[in-house]
$ cat my_file26.txt   # compact mmCIF, C-alpha atoms and all ligand atoms
# COMPACT_ATOMS: atom_id res chain seq x y z
CA MET C 1055 0.00 0.00 0.00
CA ASP C 1056 1.42 3.39 -0.86
CA ARG C 1057 1.90 6.13 1.73
CA VAL C 1058 -1.07 8.16 0.63
CA ALA C 1059 -3.52 5.31 0.66
CA ALA C 1060 -2.26 4.25 4.09
CA VAL C 1061 -3.41 7.45 5.79
CA ASP C 1062 -6.61 6.98 7.77
CA VAL C 1063 -7.81 10.60 7.75
CA ASP C 1064 -10.42 10.14 10.48
CA ALA C 1065 -8.12 8.31 12.85
CA LEU C 1066 -5.33 10.80 12.24
CA GLU C 1067 -7.64 13.70 12.94
CA ARG C 1068 -8.86 12.14 16.16
CA ASP C 1069 -5.36 11.39 17.43
CA ALA C 1070 -3.92 14.76 16.42
CA LEU C 1071 -6.74 16.82 17.94
CA ALA C 1072 -6.47 14.85 21.16
CA ALA C 1073 -2.73 15.47 21.34
CA ILE C 1074 -3.03 19.15 20.52
CA GLY C 1075 -5.96 19.75 22.86
CA GLY C 1076 -4.29 17.79 25.63
CA ALA C 1077 -0.98 19.67 25.45
CA GLY C 1078 -0.47 21.21 28.88
CA SER C 1079 2.47 23.46 28.03
CA ALA C 1080 4.12 25.22 25.11
CA ASP C 1081 6.67 22.43 24.87
CA GLU C 1082 4.04 19.71 24.76
CA LEU C 1083 2.15 21.64 22.14
CA ASP C 1084 5.28 22.00 20.05
CA GLU C 1085 5.88 18.27 20.28
CA ALA C 1086 2.35 17.56 19.03
CA ARG C 1087 2.78 20.07 16.24
CA VAL C 1088 6.01 18.46 15.02
CA ARG C 1089 4.50 15.02 15.26
CA TYR C 1090 1.35 15.80 13.27
CA LEU C 1091 2.32 18.78 11.14
CA GLY C 1092 6.10 18.63 10.92
CA ARG C 1093 7.98 18.12 7.67
CA LYS C 1094 8.28 14.43 8.29
CA SER C 1095 4.82 13.88 9.65
CA GLU C 1096 2.58 11.27 8.08
CA LEU C 1097 0.30 14.03 6.85
CA LYS C 1098 2.97 16.22 5.24
CA LEU C 1099 4.64 13.26 3.52
CA ALA C 1100 1.32 12.10 2.15
CA LEU C 1101 0.52 15.61 0.97
CA ARG C 1102 3.73 15.74 -0.98
CA GLU C 1103 2.93 12.56 -2.86
CA VAL C 1104 -0.79 12.76 -3.35
CA ARG C 1105 -1.97 12.75 -6.97
CA GLU C 1106 -5.67 12.23 -6.71
CA ARG C 1107 -7.68 15.43 -6.40
CA GLU C 1108 -10.29 14.26 -3.89
CA ARG C 1109 -7.74 12.75 -1.63
CA GLY C 1110 -5.57 15.84 -1.83
CA MET C 1111 -8.47 18.03 -0.80
CA ALA C 1112 -9.27 15.83 2.19
CA LEU C 1113 -5.64 15.87 3.37
CA ASN C 1114 -5.40 19.63 2.92
CA ALA C 1115 -8.59 20.18 4.87
CA LEU C 1116 -7.15 18.11 7.68
CA ARG C 1117 -3.92 20.14 7.64
CA GLU C 1118 -5.84 23.38 7.93
CA LYS C 1119 -7.97 22.06 10.75
CA LEU C 1120 -4.90 20.94 12.71
CA GLU C 1121 -3.10 24.24 12.17
CA GLN C 1122 -6.11 26.09 13.53
CA ALA C 1123 -6.29 23.77 16.51
CA VAL C 1124 -2.61 24.44 17.27
CA ALA C 1125 -3.12 28.20 17.06
CA ALA C 1126 -6.19 28.03 19.29
CA ARG C 1127 -4.45 25.92 21.90
CA GLU C 1128 -1.46 28.24 21.83
CA ALA C 1129 -3.68 31.24 22.59
CA GLU C 1130 -5.36 29.32 25.38
CA LEU C 1131 -2.06 28.42 26.98
CA ARG C 1132 -0.91 32.02 26.80
CA ARG C 1133 -3.99 33.40 28.53
CA PRO C 1134 -3.28 34.08 32.23
CA ARG C 1135 -4.86 31.67 34.56
CA GLU C 1136 -7.98 32.96 36.23
CA ASP C 1137 -7.47 34.47 39.66
CA PRO C 1138 -9.90 32.68 42.00
CA THR C 1139 -9.93 35.72 44.32
CA PHE C 1140 -11.06 38.06 41.54
CA ASP C 1141 -14.76 38.91 41.76
CA PRO C 1142 -15.96 40.73 38.66
CA THR C 1143 -19.25 41.65 40.36
CA LEU C 1144 -17.56 43.91 42.94
CA PRO C 1145 -17.96 47.66 42.27
CA GLY C 1146 -14.84 49.32 40.83
CA THR C 1147 -12.77 52.08 42.37
CA PRO C 1148 -14.52 55.34 41.53
CA ILE C 1149 -12.49 57.71 39.33
CA PRO C 1150 -13.06 61.29 40.51
CA ARG C 1151 -14.35 63.60 37.78
CA GLY C 1152 -12.82 67.01 37.32
CA SER C 1153 -14.75 70.16 36.53
CA LEU C 1154 -14.00 73.55 35.04
CA HIS C 1155 -12.91 76.36 37.33
CA PRO C 1156 -15.92 78.54 38.27
CA LEU C 1157 -14.32 81.54 36.55
CA THR C 1158 -13.87 79.52 33.35
CA GLN C 1159 -17.51 78.46 33.59
CA ALA C 1160 -18.61 82.07 34.06
CA ARG C 1161 -16.43 83.20 31.18
CA ARG C 1162 -17.84 80.58 28.80
CA ARG C 1163 -21.37 81.38 29.84
CA ILE C 1164 -20.81 85.08 29.17
CA GLU C 1165 -19.19 84.31 25.80
CA ASP C 1166 -22.20 82.20 24.84
CA ILE C 1167 -24.55 85.05 25.71
CA PHE C 1168 -22.62 87.48 23.50
CA VAL C 1169 -22.42 85.03 20.64
CA GLY C 1170 -26.18 84.60 20.99
CA MET C 1171 -26.59 88.37 20.60
CA GLY C 1172 -24.48 88.36 17.43
CA TYR C 1173 -21.24 89.70 18.93
CA GLU C 1174 -17.79 88.52 17.91
CA ILE C 1175 -15.47 87.35 20.70
CA PHE C 1176 -12.26 89.34 20.34
CA ASP C 1177 -9.01 88.58 22.18
CA GLY C 1178 -6.91 91.53 23.27
CA ARG C 1179 -3.42 91.48 24.77
CA GLU C 1180 -2.53 91.06 28.41
CA VAL C 1181 0.67 93.03 27.93
CA ASP C 1182 -0.21 96.11 25.96
CA SER C 1183 1.30 99.48 25.22
CA VAL C 1184 0.65 102.65 27.14
CA TYR C 1185 -0.89 103.91 23.94
CA TYR C 1186 -3.61 101.23 23.79
CA ASN C 1187 -4.20 101.01 27.52
CA PHE C 1188 -4.44 104.77 28.13
CA GLU C 1189 -3.73 107.22 25.33
CA ALA C 1190 -6.03 105.91 22.62
CA LEU C 1191 -8.70 105.72 25.34
CA ASN C 1192 -8.54 109.44 25.87
CA THR C 1193 -6.77 109.06 29.21
CA PRO C 1194 -4.34 111.97 29.63
CA GLU C 1195 -0.84 111.60 30.94
CA ALA C 1196 -1.72 113.13 34.29
CA HIS C 1197 -4.62 110.75 34.95
CA PRO C 1198 -4.19 108.99 38.34
CA SER C 1199 -4.81 105.51 36.85
CA ARG C 1200 -1.54 105.88 34.92
CA ASP C 1201 0.45 106.16 38.12
CA PRO C 1202 2.91 103.30 38.71
CA GLN C 1203 1.34 102.98 42.14
CA ASP C 1204 -1.78 101.66 40.44
CA THR C 1205 -0.47 100.12 37.24
CA PHE C 1206 2.12 97.39 36.63
CA TYR C 1207 4.58 98.83 34.11
CA VAL C 1208 6.65 96.32 32.15
CA ASN C 1209 8.76 99.20 30.89
CA ALA C 1210 8.17 102.88 30.14
CA ARG C 1211 5.91 102.06 27.19
CA ALA C 1212 4.25 98.75 28.10
CA VAL C 1213 1.91 97.73 30.91
CA LEU C 1214 0.01 94.72 32.15
CA ARG C 1215 -3.34 95.96 30.92
CA THR C 1216 -5.38 97.55 33.68
CA HIS C 1217 -8.70 96.86 31.94
CA THR C 1218 -10.04 95.14 28.82
CA SER C 1219 -10.88 98.51 27.21
CA PRO C 1220 -7.77 98.52 24.95
CA SER C 1221 -9.53 95.69 23.09
CA GLN C 1222 -12.01 98.32 21.93
CA ILE C 1223 -9.24 100.12 20.10
CA ARG C 1224 -7.71 96.98 18.65
CA ALA C 1225 -11.10 95.69 17.49
CA MET C 1226 -12.01 99.00 15.84
CA GLU C 1227 -8.63 99.14 14.13
CA ARG C 1228 -9.13 95.60 12.85
CA HIS C 1229 -12.66 96.14 11.50
CA GLY C 1230 -14.35 99.04 9.91
CA PRO C 1231 -17.71 100.05 11.42
CA PRO C 1232 -20.18 98.65 12.36
CA VAL C 1233 -18.49 96.71 15.19
CA TYR C 1234 -20.04 94.36 17.73
CA VAL C 1235 -17.40 92.71 19.89
CA ALA C 1236 -16.96 91.30 23.37
CA SER C 1237 -13.52 90.83 24.84
CA LEU C 1238 -12.85 88.78 27.96
CA GLY C 1239 -9.69 88.18 29.92
CA ARG C 1240 -7.33 88.96 32.74
CA VAL C 1241 -6.51 92.46 33.89
CA TYR C 1242 -3.97 93.66 36.45
CA ARG C 1243 -3.90 96.36 39.09
CA ARG C 1244 -1.70 97.12 42.03
CA ASP C 1245 -4.40 96.37 44.59
CA THR C 1246 -3.75 94.96 48.02
CA LEU C 1247 -5.09 91.45 48.28
CA ASP C 1248 -8.16 91.13 50.48
CA ALA C 1249 -11.61 89.53 50.44
CA THR C 1250 -12.89 91.83 47.69
CA HIS C 1251 -9.68 92.78 45.79
CA THR C 1252 -7.16 90.68 43.88
CA PRO C 1253 -4.31 92.18 41.82
CA ILE C 1254 -5.39 89.99 38.91
CA PHE C 1255 -9.01 89.74 37.95
CA HIS C 1256 -11.15 89.32 34.84
CA GLN C 1257 -13.28 91.67 32.84
CA VAL C 1258 -15.72 91.42 30.00
CA GLU C 1259 -15.65 94.36 27.63
CA ALA C 1260 -18.56 94.99 25.29
CA LEU C 1261 -18.43 97.38 22.36
CA ALA C 1262 -21.17 98.18 19.86
CA VAL C 1263 -20.55 100.78 17.16
CA ASP C 1264 -23.23 101.46 14.59
CA ARG C 1265 -25.40 104.24 13.26
CA ASP C 1266 -27.70 105.92 15.81
CA ILE C 1267 -26.59 103.97 18.86
CA THR C 1268 -27.97 105.55 22.03
CA LEU C 1269 -27.93 104.97 25.79
CA ALA C 1270 -31.24 103.17 25.34
CA ASP C 1271 -29.43 100.52 23.30
CA LEU C 1272 -26.87 100.22 26.08
CA LYS C 1273 -29.51 99.81 28.74
CA GLY C 1274 -31.53 97.29 26.73
CA THR C 1275 -28.45 95.21 25.97
CA MET C 1276 -27.36 95.31 29.60
CA GLN C 1277 -30.84 94.26 30.69
CA GLU C 1278 -30.77 91.32 28.29
CA PHE C 1279 -27.28 90.36 29.41
CA ALA C 1280 -28.06 90.55 33.13
CA THR C 1281 -31.17 88.43 32.73
CA ALA C 1282 -29.25 85.84 30.72
CA VAL C 1283 -26.45 85.66 33.29
CA PHE C 1284 -28.46 85.72 36.50
CA GLY C 1285 -31.79 84.35 35.34
CA GLY C 1286 -35.23 85.53 36.40
CA GLN C 1287 -36.38 89.03 35.55
CA ARG C 1288 -33.53 91.33 36.54
CA GLU C 1289 -33.75 95.10 36.71
CA VAL C 1290 -30.79 97.27 35.80
CA ARG C 1291 -30.29 100.92 36.64
CA MET C 1292 -27.75 103.52 35.54
CA ARG C 1293 -26.07 106.11 37.72
CA THR C 1294 -24.02 108.94 36.23
CA SER C 1295 -20.29 108.47 36.45
CA TYR C 1296 -17.07 109.43 34.71
CA PHE C 1297 -14.62 107.56 32.49
CA PRO C 1298 -12.18 109.27 30.10
CA PHE C 1299 -13.30 107.11 27.15
CA THR C 1300 -17.07 107.52 27.46
CA GLU C 1301 -19.38 110.52 27.26
CA PRO C 1302 -21.79 110.33 28.98
CA SER C 1303 -20.49 107.73 31.42
CA VAL C 1304 -22.62 105.59 33.69
CA GLU C 1305 -22.29 102.97 36.38
CA PHE C 1306 -24.63 99.97 36.24
CA ASP C 1307 -26.42 98.35 39.14
CA LEU C 1308 -28.37 95.13 39.03
CA SER C 1309 -31.41 94.38 41.19
CA CYS C 1310 -30.30 91.90 43.81
CA TYR C 1311 -30.79 88.39 42.49
CA LEU C 1312 -31.18 87.05 46.01
CA CYS C 1313 -33.82 89.30 47.58
CA ASP C 1314 -35.22 90.75 44.32
CA GLY C 1315 -34.61 94.26 45.57
CA ALA C 1316 -36.07 93.89 49.04
CA GLY C 1317 -32.70 94.20 50.76
CA CYS C 1318 -30.45 91.48 52.14
CA SER C 1319 -26.85 90.88 53.23
CA VAL C 1320 -25.62 90.26 49.67
CA CYS C 1321 -26.75 93.72 48.47
CA LYS C 1322 -26.01 95.29 51.86
CA GLN C 1323 -29.73 96.07 52.29
CA SER C 1324 -29.72 98.38 49.25
CA GLY C 1325 -31.55 96.03 46.87
CA TRP C 1326 -28.89 96.72 44.20
CA ILE C 1327 -25.54 95.18 43.26
CA GLU C 1328 -22.86 97.16 41.45
CA MET C 1329 -22.03 95.73 38.03
CA GLY C 1330 -19.43 98.08 36.52
CA GLY C 1331 -18.85 100.98 34.17
CA ALA C 1332 -20.29 101.85 30.78
CA GLY C 1333 -21.21 104.70 28.53
CA GLN C 1334 -21.37 106.15 25.05
CA VAL C 1335 -18.03 105.87 23.30
CA ASP C 1336 -16.31 109.26 23.49
CA PRO C 1337 -16.01 110.95 20.05
CA ASN C 1338 -12.28 111.38 20.71
CA VAL C 1339 -11.92 107.60 20.88
CA LEU C 1340 -13.78 107.12 17.60
CA GLU C 1341 -11.65 109.76 15.95
CA GLU C 1342 -8.48 108.13 17.22
CA VAL C 1343 -9.25 105.01 15.14
CA GLY C 1344 -10.40 107.03 12.15
CA TYR C 1345 -14.17 106.64 12.58
CA ASP C 1346 -16.28 109.71 11.88
CA PRO C 1347 -18.18 110.47 15.15
CA ALA C 1348 -20.83 112.33 13.17
CA ALA C 1349 -21.68 109.11 11.31
CA TRP C 1350 -21.00 106.46 13.96
CA GLN C 1351 -21.91 106.16 17.63
CA GLY C 1352 -21.24 103.43 20.10
CA PHE C 1353 -21.70 102.14 23.61
CA ALA C 1354 -19.25 100.18 25.69
CA TRP C 1355 -19.05 98.52 29.07
CA GLY C 1356 -16.53 96.78 31.24
CA LEU C 1357 -17.71 94.39 33.96
CA GLY C 1358 -15.82 92.22 36.41
CA ILE C 1359 -16.26 88.54 35.64
CA ASP C 1360 -14.99 87.58 39.09
CA ARG C 1361 -17.64 89.74 40.64
CA ILE C 1362 -20.33 88.16 38.48
CA ALA C 1363 -19.21 84.65 39.49
CA PHE C 1364 -18.86 85.81 43.08
CA ASN C 1365 -22.47 86.98 43.11
CA LEU C 1366 -23.72 84.02 41.13
CA HIS C 1367 -22.39 81.61 43.76
CA GLY C 1368 -22.90 83.80 46.84
CA MET C 1369 -19.21 83.62 47.69
CA PRO C 1370 -17.74 85.12 50.85
CA ASP C 1371 -14.21 85.85 49.60
CA LEU C 1372 -12.65 86.48 46.17
CA ARG C 1373 -9.38 84.83 47.16
CA LEU C 1374 -11.09 81.44 46.94
CA PHE C 1375 -10.86 81.76 43.15
CA TRP C 1376 -7.07 81.78 43.35
CA GLU C 1377 -6.23 79.35 46.12
CA ASN C 1378 -7.20 76.28 44.09
CA ASP C 1379 -8.39 74.43 47.16
CA ILE C 1380 -9.89 71.26 45.76
CA ARG C 1381 -12.60 71.27 48.46
CA PHE C 1382 -13.82 74.58 47.04
CA LEU C 1383 -13.32 73.82 43.34
CA GLY C 1384 -14.96 70.39 43.68
CA GLN C 1385 -18.30 72.08 44.36
CA PHE C 1386 -18.61 73.41 40.82
N1 LIG Z 1 -12.43 100.12 31.84
C1 LIG Z 1 -13.22 100.55 32.98
C2 LIG Z 1 -12.58 100.00 34.25
O1 LIG Z 1 -11.87 99.06 34.19
C3 LIG Z 1 -14.60 100.02 32.89
C4 LIG Z 1 -15.35 100.59 31.73
C5 LIG Z 1 -16.08 101.78 31.89
C6 LIG Z 1 -15.33 100.00 30.51
C7 LIG Z 1 -16.78 102.31 30.87
C8 LIG Z 1 -16.04 100.53 29.45
C9 LIG Z 1 -16.77 101.70 29.65
O2 LIG Z 1 -16.06 99.98 28.26
O3 LIG Z 1 -17.46 102.22 28.62
O4 LIG Z 1 -12.84 100.53 35.30
$ encode --input "my_file26.txt" --output "structure tokens" --more "lines below"
Ligand code: DAH
Amino acid sequence: MDRVAAVDVDALERDALAAIGGAGSADELDEARVRYLGRKSELKLALREVRERERGMALNALREKLEQAVAAREAELRRPREDPTFDPTLPGTPIPRGSLHPLTQARRRIEDIFVGMGYEIFDGREVDSVYYNFEALNTPEAHPSRDPQDTFYVNARAVLRTHTSPSQIRAMERHGPPVYVASLGRVYRRDTLDATHTPIFHQVEALAVDRDITLADLKGTMQEFATAVFGGQREVRMRTSYFPFTEPSVEFDLSCYLCDGAGCSVCKQSGWIEMGGAGQVDPNVLEEVGYDPAAWQGFAWGLGIDRIAFNLHGMPDLRLFWENDIRFLGQF
């Protein structure tokens, strides 16, 4: 009987699968592989000599089956043994979730409100020139805010910006009128650190320049903004004030969100909370950027973001924003 005819395919399959499946280690598996699939194995020798098509196909099918069985057993042997003490039904270790800093949350909320009103968000510079921070904003050389006691000078011509108002100038230089921009970011002043003052804080500057802009537009926009930030139906009121870059200038108050104007500790019994400064853009400022004040008018405001977040969360002390105490930050 020739070698090919001598192969009992069924018996060979049975024996080989038993040997492969029963291999308890990599070495034993290798032994079984050599014995049944090696170059000199009964199967391989028969495969080399086979002439008849049907027989060849049967032998090839067996070879494939055995190769797969070897691969499967190999993977099984490689898998780590199950740990009898591991209980997959036990709850896992909780992974604490982070959150955004409350000032970042306030900033994003304010940005969303402006975008909703059709304003562009414009980034100014934290280090800016004396020209942008003061001069272009109609603030004369002798103005007290320019004193190095109040302002951080980087050198004779550059400062850490003391407000976000220089963004007004940069935005107007960038665009022609009309302009609707909001600019948010850090500002710096030489203030002594206490519960209500930090030498770094954040402002949101708003600027609208268009034809026939009046104080009524300013008040309506502020009303809309305050309601969107604080919720409910908020009242805003204007008091006359003075800023070099606005004429007329006003100071905004917001009806207390806590007592609705009745008087409480947050509003110091007045029913009102101070929001910040605003006004009609001074014609000198428009002229400085080459806009014709006879054709274009604008309003602007600058509010403290820290103060907004402070009020929003009923906080006792501004320094909490800067200490990064996880027990405080984890509440937001
Ligand atoms: N820049 C002023 C400040 O920091 C606030 C301010 C007042 C901004 C009036 C304005 C404005 O845009 O029109 O105290």
$ closest_residue --input "my_file26.txt" --among "C:Glu1108, C:Thr1205, C:Asp1245, C:Asp1307" --to "Met1276 (chain C)" --atoms "only C-alpha atoms"
C:Asp1307
$ closest_atom_pairs --input "my_file26.txt" --of "chain C" --to "ligand LIG 1 (chain Z)" --cutoff "7 Å" --atoms "only C-alpha atoms and all ligand atoms" --output "Markdown table"
| residue | atom | partner | partner_atom | distance |
| --- | --- | --- | --- | --- |
| C:Thr1216 | CA | Z:LIG1 | O1 | 6.7 |
| C:His1217 | CA | Z:LIG1 | O1 | 4.5 |
| C:Thr1218 | CA | Z:LIG1 | N1 | 6.3 |
| C:Ser1219 | CA | Z:LIG1 | N1 | 5.1 |
| C:Glu1259 | CA | Z:LIG1 | O2 | 5.7 |
| C:Ala1260 | CA | Z:LIG1 | O2 | 6.3 |
| C:Leu1261 | CA | Z:LIG1 | O2 | 6.9 |
| C:Phe1297 | CA | Z:LIG1 | C7 | 5.9 |
| C:Phe1299 | CA | Z:LIG1 | O3 | 6.6 |
| C:Thr1300 | CA | Z:LIG1 | O3 | 5.4 |
| C:Ser1303 | CA | Z:LIG1 | C7 | 6.6 |
| C:Gly1330 | CA | Z:LIG1 | C3 | 6.3 |
| C:Gly1331 | CA | Z:LIG1 | C5 | 3.7 |
| C:Ala1332 | CA | Z:LIG1 | C7 | 3.5 |
| C:Gly1333 | CA | Z:LIG1 | O3 | 4.5 |
| C:Gln1334 | CA | Z:LIG1 | O3 | 6.6 |
| C:Val1335 | CA | Z:LIG1 | O3 | 6.5 |
| C:Phe1353 | CA | Z:LIG1 | O3 | 6.6 |
| C:Ala1354 | CA | Z:LIG1 | O3 | 4.0 |
| C:Trp1355 | CA | Z:LIG1 | O2 | 3.4 |
| C:Gly1356 | CA | Z:LIG1 | C6 | 3.5 |
| C:Leu1357 | CA | Z:LIG1 | C3 | 6.5 |
$ residues_around --input "my_file26.txt" --residues "Ser1153 (chain C)" --least-positions-apart "3" --cutoff "8 Å" --atoms "only C-alpha atoms" --output "VMD selection string"
chain C and resid 1383 to 1384 1386
$ residues_around --input "my_file26.txt" --residues "region 1234-1238 of chain C" --least-positions-apart "2" --cutoff "7 Å" --atoms "only C-alpha atoms" --output "list of chain:residue names"
C:Phe1168, C:Tyr1173, C:Glu1174, C:Ile1175, C:Phe1176, C:Asp1177, C:Gly1178, C:Thr1218, C:Ser1221, C:Pro1232, C:Gln1257, C:Val1258, C:Glu1259, C:Ala1260, C:Leu1261, C:Ala1262, C:Val1263
$ write_last_selection --input "my_file26.txt" --atoms "C-alpha atoms" --output "tab-separated table (two decimals), keeping the file's coordinate frame"
chain	number	residue	atom	x	y	z
C	1168	PHE	CA	-22.62	87.48	23.50
C	1173	TYR	CA	-21.24	89.70	18.93
C	1174	GLU	CA	-17.79	88.52	17.91
C	1175	ILE	CA	-15.47	87.35	20.70
C	1176	PHE	CA	-12.26	89.34	20.34
C	1177	ASP	CA	-9.01	88.58	22.18
C	1178	GLY	CA	-6.91	91.53	23.27
C	1218	THR	CA	-10.04	95.14	28.82
C	1221	SER	CA	-9.53	95.69	23.09
C	1232	PRO	CA	-20.18	98.65	12.36
C	1257	GLN	CA	-13.28	91.67	32.84
C	1258	VAL	CA	-15.72	91.42	30.00
C	1259	GLU	CA	-15.65	94.36	27.63
C	1260	ALA	CA	-18.56	94.99	25.29
C	1261	LEU	CA	-18.43	97.38	22.36
C	1262	ALA	CA	-21.17	98.18	19.86
C	1263	VAL	CA	-20.55	100.78	17.16
$ atom_distance --input "my_file26.txt" --atom1 "CA of Gly1075 (chain C)" --atom2 "CA of Ser1095 (chain C)"
18.0 Å
